Amino acid sequence: MSSNRDSRATPTILIIGASRGLGHAIAAEFLKKDWSVVGTVRGAKPQTKLHDLAEQHKDQVEIEILDINEQEQIAALRNRLSGRRFEILFVNAGTTTNNEHVKIGDVTTEEFMRVMITNSLSPMRVVEALQDLVPQTGMIGVMSSGQGSITNNLTGMREVYRGSKAALNMFMRSFATRQSNEKRAMVLMAPGWVRTDLGGPGARLSIEESVPNLVDVLLGKLGRPGLEYLDYLGRIVPW
């Protein structure tokens, strides 16, 4: 789905994983701030909330297909977007464990690989593949979690999920170190525990309490070079 809007007239964010939940809400919030949005979904069907958003904002929203765990799809997306410029690349796609109580020694290899690949390896493959679409004045962001903080892990539980986000943080730190001569802003975002399909019904925050603040933090980070690990209120999260 393409837009007729002149991409030079308004800033654009590329959101990887925008079909529902936080990704969809982030897209909607950027639209309120008069940004254009290119968002990815995993398949053409069924219709997602992002499709609904695109129907409401035909000149501001484009939809691309991407399963981040498929390397050939990442390469194909890169080719389709060749020559485009995005003020922000934000990788939101991720997953959680089937059983948050399972101990690391008891998790199946299949489940461990599923979570680690989706939450840490695949997001970084996307960042590496699409980084040159973001100018030096732009920003590369990845959705992490406060549970990726080693310092703040005082309760255990969700051990595989925690480990996947800690790994993501480390990989992003390595990426940023390799880009140390550049002036781009980079951010790992901790959105808080939010009531989504991933966060569950018992989560502390509503989308409305998290996402508008999170978007303000992203916009505030633009123009501030280097990597930071921040929560949805702009507070530094300890590594």
# chains A, B, ... in the order shown; residues from 1 in each chain; ligands from 1
$ select_by_dssp --residues "segment 33-162 of chain A" --states "strand (DSSP E or B)" --output "PyMOL selection string"
chain A and resi 36-41+61-65+88-91+139-143
$ select_by_dssp --residues "segment 104-168 of chain A" --states "alpha helix (DSSP H)" --output "ChimeraX atom specification"
/A:109-116,122-130,159-168
$ residues_around --residues "segment 156-163 of chain A" --least-positions-apart "4" --cutoff "9 Å" --atoms "only C-alpha atoms" --output "list of chain:residue names"
A:Thr95, A:Thr96, A:Thr97, A:Asn99, A:Glu100, A:His101, A:Val102, A:Lys103, A:Ile104, A:Val107, A:Glu111, A:Phe112, A:Val115, A:Met116, A:Asn119, A:Ser145, A:Gly146, A:Gln147, A:Gly148, A:Ser149, A:Ile150, A:Ala167, A:Leu168
$ residues_around --residues "Thr151 of chain A" --least-positions-apart "3" --cutoff "8 Å" --atoms "only C-alpha atoms" --output "MDAnalysis selection string"
chainID A and resid 154 238:239
$ write_last_selection --atoms "C-alpha atoms" --output "PDB file, in the first residue's frame"
ATOM      1  CA  LEU A 154      15.408  -8.921  41.800  1.00  0.00           C
ATOM      2  CA  PRO A 238      20.335   0.505  34.438  1.00  0.00           C
ATOM      3  CA  TRP A 239      21.960  -2.084  32.212  1.00  0.00           C
TER       4      TRP A 239
END
$ atom_distance --atom1 "atom CA of Asp106 of chain A" --atom2 "atom CA of Pro123 of chain A"
25.6 Å
$ residues_around --residues "Ala176 of chain A" --least-positions-apart "3" --cutoff "10 Å" --atoms "only C-alpha atoms" --output "short mmCIF file (atom, residue, chain, number, x, y, z; two decimals) with C-alpha atoms, in the first residue's frame"
data_model
loop_
_atom_site.label_atom_id
_atom_site.label_comp_id
_atom_site.auth_asym_id
_atom_site.auth_seq_id
_atom_site.Cartn_x
_atom_site.Cartn_y
_atom_site.Cartn_z
CA ILE A 140 17.35 3.95 15.33
CA MET A 170 24.05 -6.18 24.47
CA PHE A 171 23.78 -6.60 20.71
CA MET A 172 22.47 -3.06 20.32
CA ARG A 173 25.31 -1.80 22.50
CA GLN A 179 28.85 3.34 14.96
CA SER A 180 30.72 5.50 17.49
CA ASN A 181 31.87 7.99 14.86
CA GLU A 182 28.31 8.69 13.74
CA ARG A 184 22.70 9.26 14.96
CA ALA A 185 20.56 8.87 18.04
CA MET A 186 19.90 5.31 19.19
CA VAL A 187 17.58 4.07 21.90
CA GLY A 226 24.54 7.87 21.04
CA LEU A 227 22.69 4.94 22.60
CA GLU A 228 20.50 5.24 25.69
#
$ residues_around --residues "Ala75 of chain A" --least-positions-apart "6" --cutoff "12 Å" --atoms "only C-alpha atoms" --output "PyMOL selection string"
chain A and resi 65-69+81-82+125-130
$ write_last_selection --atoms "N, CA and C atoms" --output "PDB file, in the first residue's frame"
ATOM      1  N   ILE A  65       5.002  -5.935   4.160  1.00  0.00           N
ATOM      2  CA  ILE A  65       4.955  -7.287   4.716  1.00  0.00           C
ATOM      3  C   ILE A  65       6.350  -7.684   5.178  1.00  0.00           C
ATOM      4  N   LEU A  66       6.443  -8.172   6.420  1.00  0.00           N
ATOM      5  CA  LEU A  66       7.741  -8.637   6.937  1.00  0.00           C
ATOM      6  C   LEU A  66       7.548  -9.578   8.111  1.00  0.00           C
ATOM      7  N   ASP A  67       8.123 -10.761   8.010  1.00  0.00           N
ATOM      8  CA  ASP A  67       8.337 -11.638   9.156  1.00  0.00           C
ATOM      9  C   ASP A  67       9.810 -11.500   9.494  1.00  0.00           C
ATOM     10  N   ILE A  68      10.109 -10.914  10.632  1.00  0.00           N
ATOM     11  CA  ILE A  68      11.509 -10.584  10.934  1.00  0.00           C
ATOM     12  C   ILE A  68      12.387 -11.822  11.083  1.00  0.00           C
ATOM     13  N   ASN A  69      11.790 -12.994  11.261  1.00  0.00           N
ATOM     14  CA  ASN A  69      12.575 -14.217  11.387  1.00  0.00           C
ATOM     15  C   ASN A  69      12.949 -14.824  10.044  1.00  0.00           C
ATOM     16  N   LEU A  81      12.518  -0.633  -0.169  1.00  0.00           N
ATOM     17  CA  LEU A  81      12.631   0.698   0.431  1.00  0.00           C
ATOM     18  C   LEU A  81      13.880   1.452  -0.020  1.00  0.00           C
ATOM     19  N   SER A  82      14.609   0.872  -0.949  1.00  0.00           N
ATOM     20  CA  SER A  82      15.838   1.507  -1.422  1.00  0.00           C
ATOM     21  C   SER A  82      15.560   2.925  -1.904  1.00  0.00           C
ATOM     22  N   ARG A 125      19.179  -8.091  13.018  1.00  0.00           N
ATOM     23  CA  ARG A 125      19.295  -8.278  11.571  1.00  0.00           C
ATOM     24  C   ARG A 125      18.567  -7.159  10.825  1.00  0.00           C
ATOM     25  N   VAL A 126      17.407  -6.777  11.339  1.00  0.00           N
ATOM     26  CA  VAL A 126      16.656  -5.676  10.729  1.00  0.00           C
ATOM     27  C   VAL A 126      17.441  -4.373  10.837  1.00  0.00           C
ATOM     28  N   VAL A 127      17.972  -4.096  12.007  1.00  0.00           N
ATOM     29  CA  VAL A 127      18.746  -2.858  12.208  1.00  0.00           C
ATOM     30  C   VAL A 127      19.943  -2.813  11.262  1.00  0.00           C
ATOM     31  N   GLU A 128      20.664  -3.920  11.179  1.00  0.00           N
ATOM     32  CA  GLU A 128      21.844  -3.956  10.307  1.00  0.00           C
ATOM     33  C   GLU A 128      21.450  -3.748   8.849  1.00  0.00           C
ATOM     34  N   ALA A 129      20.328  -4.338   8.427  1.00  0.00           N
ATOM     35  CA  ALA A 129      19.925  -4.276   7.027  1.00  0.00           C
ATOM     36  C   ALA A 129      19.375  -2.914   6.622  1.00  0.00           C
ATOM     37  N   LEU A 130      18.695  -2.239   7.566  1.00  0.00           N
ATOM     38  CA  LEU A 130      17.979  -1.011   7.216  1.00  0.00           C
ATOM     39  C   LEU A 130      18.640   0.266   7.718  1.00  0.00           C
TER      40      LEU A 130
END
$ closest_residue --among "A:Pro201, A:Ser36, A:Lys183, A:Leu188" --to "Leu230 of chain A" --atoms "only C-alpha atoms"
A:Leu188
$ decode --residues "segment 149-194 of chain A" --atoms "N, CA and C atoms" --output "PDB file, in the first residue's frame"
ATOM      1  N   SER A 149      16.963  -5.552  32.083  1.00  0.00           N
ATOM      2  CA  SER A 149      17.973  -4.975  32.976  1.00  0.00           C
ATOM      3  C   SER A 149      18.484  -6.045  33.939  1.00  0.00           C
ATOM      4  N   ILE A 150      19.778  -6.301  33.901  1.00  0.00           N
ATOM      5  CA  ILE A 150      20.374  -7.262  34.838  1.00  0.00           C
ATOM      6  C   ILE A 150      20.345  -6.690  36.249  1.00  0.00           C
ATOM      7  N   THR A 151      20.625  -5.401  36.377  1.00  0.00           N
ATOM      8  CA  THR A 151      20.632  -4.759  37.697  1.00  0.00           C
ATOM      9  C   THR A 151      19.284  -4.853  38.380  1.00  0.00           C
ATOM     10  N   ASN A 152      18.211  -4.685  37.612  1.00  0.00           N
ATOM     11  CA  ASN A 152      16.871  -4.641  38.204  1.00  0.00           C
ATOM     12  C   ASN A 152      16.215  -6.004  38.368  1.00  0.00           C
ATOM     13  N   ASN A 153      16.908  -7.068  38.016  1.00  0.00           N
ATOM     14  CA  ASN A 153      16.315  -8.402  38.155  1.00  0.00           C
ATOM     15  C   ASN A 153      16.445  -8.878  39.594  1.00  0.00           C
ATOM     16  N   LEU A 154      15.413  -8.569  40.379  1.00  0.00           N
ATOM     17  CA  LEU A 154      15.408  -8.921  41.800  1.00  0.00           C
ATOM     18  C   LEU A 154      14.383 -10.005  42.110  1.00  0.00           C
ATOM     19  N   THR A 155      13.656 -10.459  41.106  1.00  0.00           N
ATOM     20  CA  THR A 155      12.569 -11.417  41.352  1.00  0.00           C
ATOM     21  C   THR A 155      12.684 -12.698  40.543  1.00  0.00           C
ATOM     22  N   GLY A 156      13.543 -12.722  39.531  1.00  0.00           N
ATOM     23  CA  GLY A 156      13.562 -13.873  38.644  1.00  0.00           C
ATOM     24  C   GLY A 156      12.290 -13.926  37.826  1.00  0.00           C
ATOM     25  N   MET A 157      11.849 -15.116  37.478  1.00  0.00           N
ATOM     26  CA  MET A 157      10.682 -15.350  36.637  1.00  0.00           C
ATOM     27  C   MET A 157      10.923 -14.805  35.213  1.00  0.00           C
ATOM     28  N   ARG A 158      10.169 -15.343  34.261  1.00  0.00           N
ATOM     29  CA  ARG A 158      10.283 -14.954  32.853  1.00  0.00           C
ATOM     30  C   ARG A 158      11.752 -14.966  32.431  1.00  0.00           C
ATOM     31  N   GLU A 159      12.459 -16.012  32.817  1.00  0.00           N
ATOM     32  CA  GLU A 159      13.907 -16.031  32.663  1.00  0.00           C
ATOM     33  C   GLU A 159      14.346 -16.020  31.203  1.00  0.00           C
ATOM     34  N   VAL A 160      13.640 -16.748  30.356  1.00  0.00           N
ATOM     35  CA  VAL A 160      14.023 -16.774  28.947  1.00  0.00           C
ATOM     36  C   VAL A 160      13.733 -15.411  28.309  1.00  0.00           C
ATOM     37  N   TYR A 161      12.578 -14.841  28.618  1.00  0.00           N
ATOM     38  CA  TYR A 161      12.236 -13.522  28.081  1.00  0.00           C
ATOM     39  C   TYR A 161      13.246 -12.482  28.561  1.00  0.00           C
ATOM     40  N   ARG A 162      13.546 -12.481  29.849  1.00  0.00           N
ATOM     41  CA  ARG A 162      14.543 -11.545  30.380  1.00  0.00           C
ATOM     42  C   ARG A 162      15.874 -11.693  29.644  1.00  0.00           C
ATOM     43  N   GLY A 163      16.297 -12.940  29.479  1.00  0.00           N
ATOM     44  CA  GLY A 163      17.569 -13.193  28.810  1.00  0.00           C
ATOM     45  C   GLY A 163      17.583 -12.704  27.374  1.00  0.00           C
ATOM     46  N   SER A 164      16.443 -12.866  26.680  1.00  0.00           N
ATOM     47  CA  SER A 164      16.376 -12.429  25.281  1.00  0.00           C
ATOM     48  C   SER A 164      16.494 -10.916  25.176  1.00  0.00           C
ATOM     49  N   LYS A 165      15.888 -10.194  26.118  1.00  0.00           N
ATOM     50  CA  LYS A 165      15.958  -8.737  26.076  1.00  0.00           C
ATOM     51  C   LYS A 165      17.331  -8.235  26.543  1.00  0.00           C
ATOM     52  N   ALA A 166      17.954  -8.931  27.501  1.00  0.00           N
ATOM     53  CA  ALA A 166      19.314  -8.569  27.907  1.00  0.00           C
ATOM     54  C   ALA A 166      20.275  -8.788  26.745  1.00  0.00           C
ATOM     55  N   ALA A 167      20.059  -9.866  25.995  1.00  0.00           N
ATOM     56  CA  ALA A 167      20.895 -10.127  24.817  1.00  0.00           C
ATOM     57  C   ALA A 167      20.686  -9.041  23.768  1.00  0.00           C
ATOM     58  N   LEU A 168      19.436  -8.656  23.553  1.00  0.00           N
ATOM     59  CA  LEU A 168      19.141  -7.580  22.612  1.00  0.00           C
ATOM     60  C   LEU A 168      19.873  -6.304  23.012  1.00  0.00           C
ATOM     61  N   ASN A 169      19.839  -5.984  24.301  1.00  0.00           N
ATOM     62  CA  ASN A 169      20.528  -4.784  24.792  1.00  0.00           C
ATOM     63  C   ASN A 169      22.030  -4.852  24.490  1.00  0.00           C
ATOM     64  N   MET A 170      22.610  -6.028  24.721  1.00  0.00           N
ATOM     65  CA  MET A 170      24.046  -6.181  24.472  1.00  0.00           C
ATOM     66  C   MET A 170      24.362  -6.059  22.993  1.00  0.00           C
ATOM     67  N   PHE A 171      23.531  -6.673  22.149  1.00  0.00           N
ATOM     68  CA  PHE A 171      23.781  -6.599  20.712  1.00  0.00           C
ATOM     69  C   PHE A 171      23.643  -5.165  20.203  1.00  0.00           C
ATOM     70  N   MET A 172      22.664  -4.449  20.730  1.00  0.00           N
ATOM     71  CA  MET A 172      22.471  -3.058  20.322  1.00  0.00           C
ATOM     72  C   MET A 172      23.638  -2.197  20.812  1.00  0.00           C
ATOM     73  N   ARG A 173      24.138  -2.521  21.984  1.00  0.00           N
ATOM     74  CA  ARG A 173      25.309  -1.800  22.501  1.00  0.00           C
ATOM     75  C   ARG A 173      26.517  -2.029  21.598  1.00  0.00           C
ATOM     76  N   SER A 174      26.684  -3.262  21.133  1.00  0.00           N
ATOM     77  CA  SER A 174      27.784  -3.562  20.213  1.00  0.00           C
ATOM     78  C   SER A 174      27.614  -2.803  18.902  1.00  0.00           C
ATOM     79  N   PHE A 175      26.384  -2.777  18.396  1.00  0.00           N
ATOM     80  CA  PHE A 175      26.106  -2.031  17.164  1.00  0.00           C
ATOM     81  C   PHE A 175      26.451  -0.557  17.348  1.00  0.00           C
ATOM     82  N   ALA A 176      26.014   0.021  18.457  1.00  0.00           N
ATOM     83  CA  ALA A 176      26.274   1.441  18.707  1.00  0.00           C
ATOM     84  C   ALA A 176      27.770   1.720  18.815  1.00  0.00           C
ATOM     85  N   THR A 177      28.502   0.803  19.427  1.00  0.00           N
ATOM     86  CA  THR A 177      29.948   0.982  19.565  1.00  0.00           C
ATOM     87  C   THR A 177      30.617   0.989  18.200  1.00  0.00           C
ATOM     88  N   ARG A 178      30.138   0.143  17.298  1.00  0.00           N
ATOM     89  CA  ARG A 178      30.666   0.122  15.937  1.00  0.00           C
ATOM     90  C   ARG A 178      30.329   1.396  15.169  1.00  0.00           C
ATOM     91  N   GLN A 179      29.275   2.099  15.626  1.00  0.00           N
ATOM     92  CA  GLN A 179      28.853   3.336  14.962  1.00  0.00           C
ATOM     93  C   GLN A 179      29.311   4.573  15.741  1.00  0.00           C
ATOM     94  N   SER A 180      30.346   4.440  16.544  1.00  0.00           N
ATOM     95  CA  SER A 180      30.725   5.499  17.487  1.00  0.00           C
ATOM     96  C   SER A 180      31.111   6.809  16.814  1.00  0.00           C
ATOM     97  N   ASN A 181      31.497   6.758  15.557  1.00  0.00           N
ATOM     98  CA  ASN A 181      31.866   7.989  14.857  1.00  0.00           C
ATOM     99  C   ASN A 181      30.671   8.699  14.236  1.00  0.00           C
ATOM    100  N   GLU A 182      29.502   8.094  14.331  1.00  0.00           N
ATOM    101  CA  GLU A 182      28.309   8.686  13.735  1.00  0.00           C
ATOM    102  C   GLU A 182      27.541   9.509  14.768  1.00  0.00           C
ATOM    103  N   LYS A 183      26.645  10.342  14.277  1.00  0.00           N
ATOM    104  CA  LYS A 183      25.926  11.252  15.149  1.00  0.00           C
ATOM    105  C   LYS A 183      24.458  10.853  15.341  1.00  0.00           C
ATOM    106  N   ARG A 184      24.083   9.685  14.828  1.00  0.00           N
ATOM    107  CA  ARG A 184      22.695   9.258  14.964  1.00  0.00           C
ATOM    108  C   ARG A 184      22.337   8.969  16.412  1.00  0.00           C
ATOM    109  N   ALA A 185      21.096   9.264  16.743  1.00  0.00           N
ATOM    110  CA  ALA A 185      20.558   8.874  18.037  1.00  0.00           C
ATOM    111  C   ALA A 185      20.153   7.403  17.972  1.00  0.00           C
ATOM    112  N   MET A 186      20.327   6.704  19.076  1.00  0.00           N
ATOM    113  CA  MET A 186      19.905   5.311  19.193  1.00  0.00           C
ATOM    114  C   MET A 186      19.288   5.102  20.566  1.00  0.00           C
ATOM    115  N   VAL A 187      18.275   4.245  20.628  1.00  0.00           N
ATOM    116  CA  VAL A 187      17.580   4.065  21.897  1.00  0.00           C
ATOM    117  C   VAL A 187      17.036   2.653  22.030  1.00  0.00           C
ATOM    118  N   LEU A 188      17.158   2.121  23.236  1.00  0.00           N
ATOM    119  CA  LEU A 188      16.466   0.910  23.662  1.00  0.00           C
ATOM    120  C   LEU A 188      15.334   1.368  24.568  1.00  0.00           C
ATOM    121  N   MET A 189      14.084   1.048  24.195  1.00  0.00           N
ATOM    122  CA  MET A 189      12.932   1.540  24.940  1.00  0.00           C
ATOM    123  C   MET A 189      12.349   0.448  25.845  1.00  0.00           C
ATOM    124  N   ALA A 190      12.065   0.844  27.075  1.00  0.00           N
ATOM    125  CA  ALA A 190      11.338  -0.013  28.017  1.00  0.00           C
ATOM    126  C   ALA A 190       9.958   0.599  28.202  1.00  0.00           C
ATOM    127  N   PRO A 191       8.916  -0.009  27.653  1.00  0.00           N
ATOM    128  CA  PRO A 191       7.597   0.635  27.635  1.00  0.00           C
ATOM    129  C   PRO A 191       6.815   0.515  28.936  1.00  0.00           C
ATOM    130  N   GLY A 192       7.363  -0.221  29.897  1.00  0.00           N
ATOM    131  CA  GLY A 192       6.584  -0.543  31.083  1.00  0.00           C
ATOM    132  C   GLY A 192       5.766  -1.802  30.829  1.00  0.00           C
ATOM    133  N   TRP A 193       5.145  -2.305  31.874  1.00  0.00           N
ATOM    134  CA  TRP A 193       4.316  -3.505  31.742  1.00  0.00           C
ATOM    135  C   TRP A 193       2.929  -3.054  31.300  1.00  0.00           C
ATOM    136  N   VAL A 194       2.619  -3.324  30.035  1.00  0.00           N
ATOM    137  CA  VAL A 194       1.431  -2.745  29.395  1.00  0.00           C
ATOM    138  C   VAL A 194       0.420  -3.845  29.065  1.00  0.00           C
TER     139      VAL A 194
END
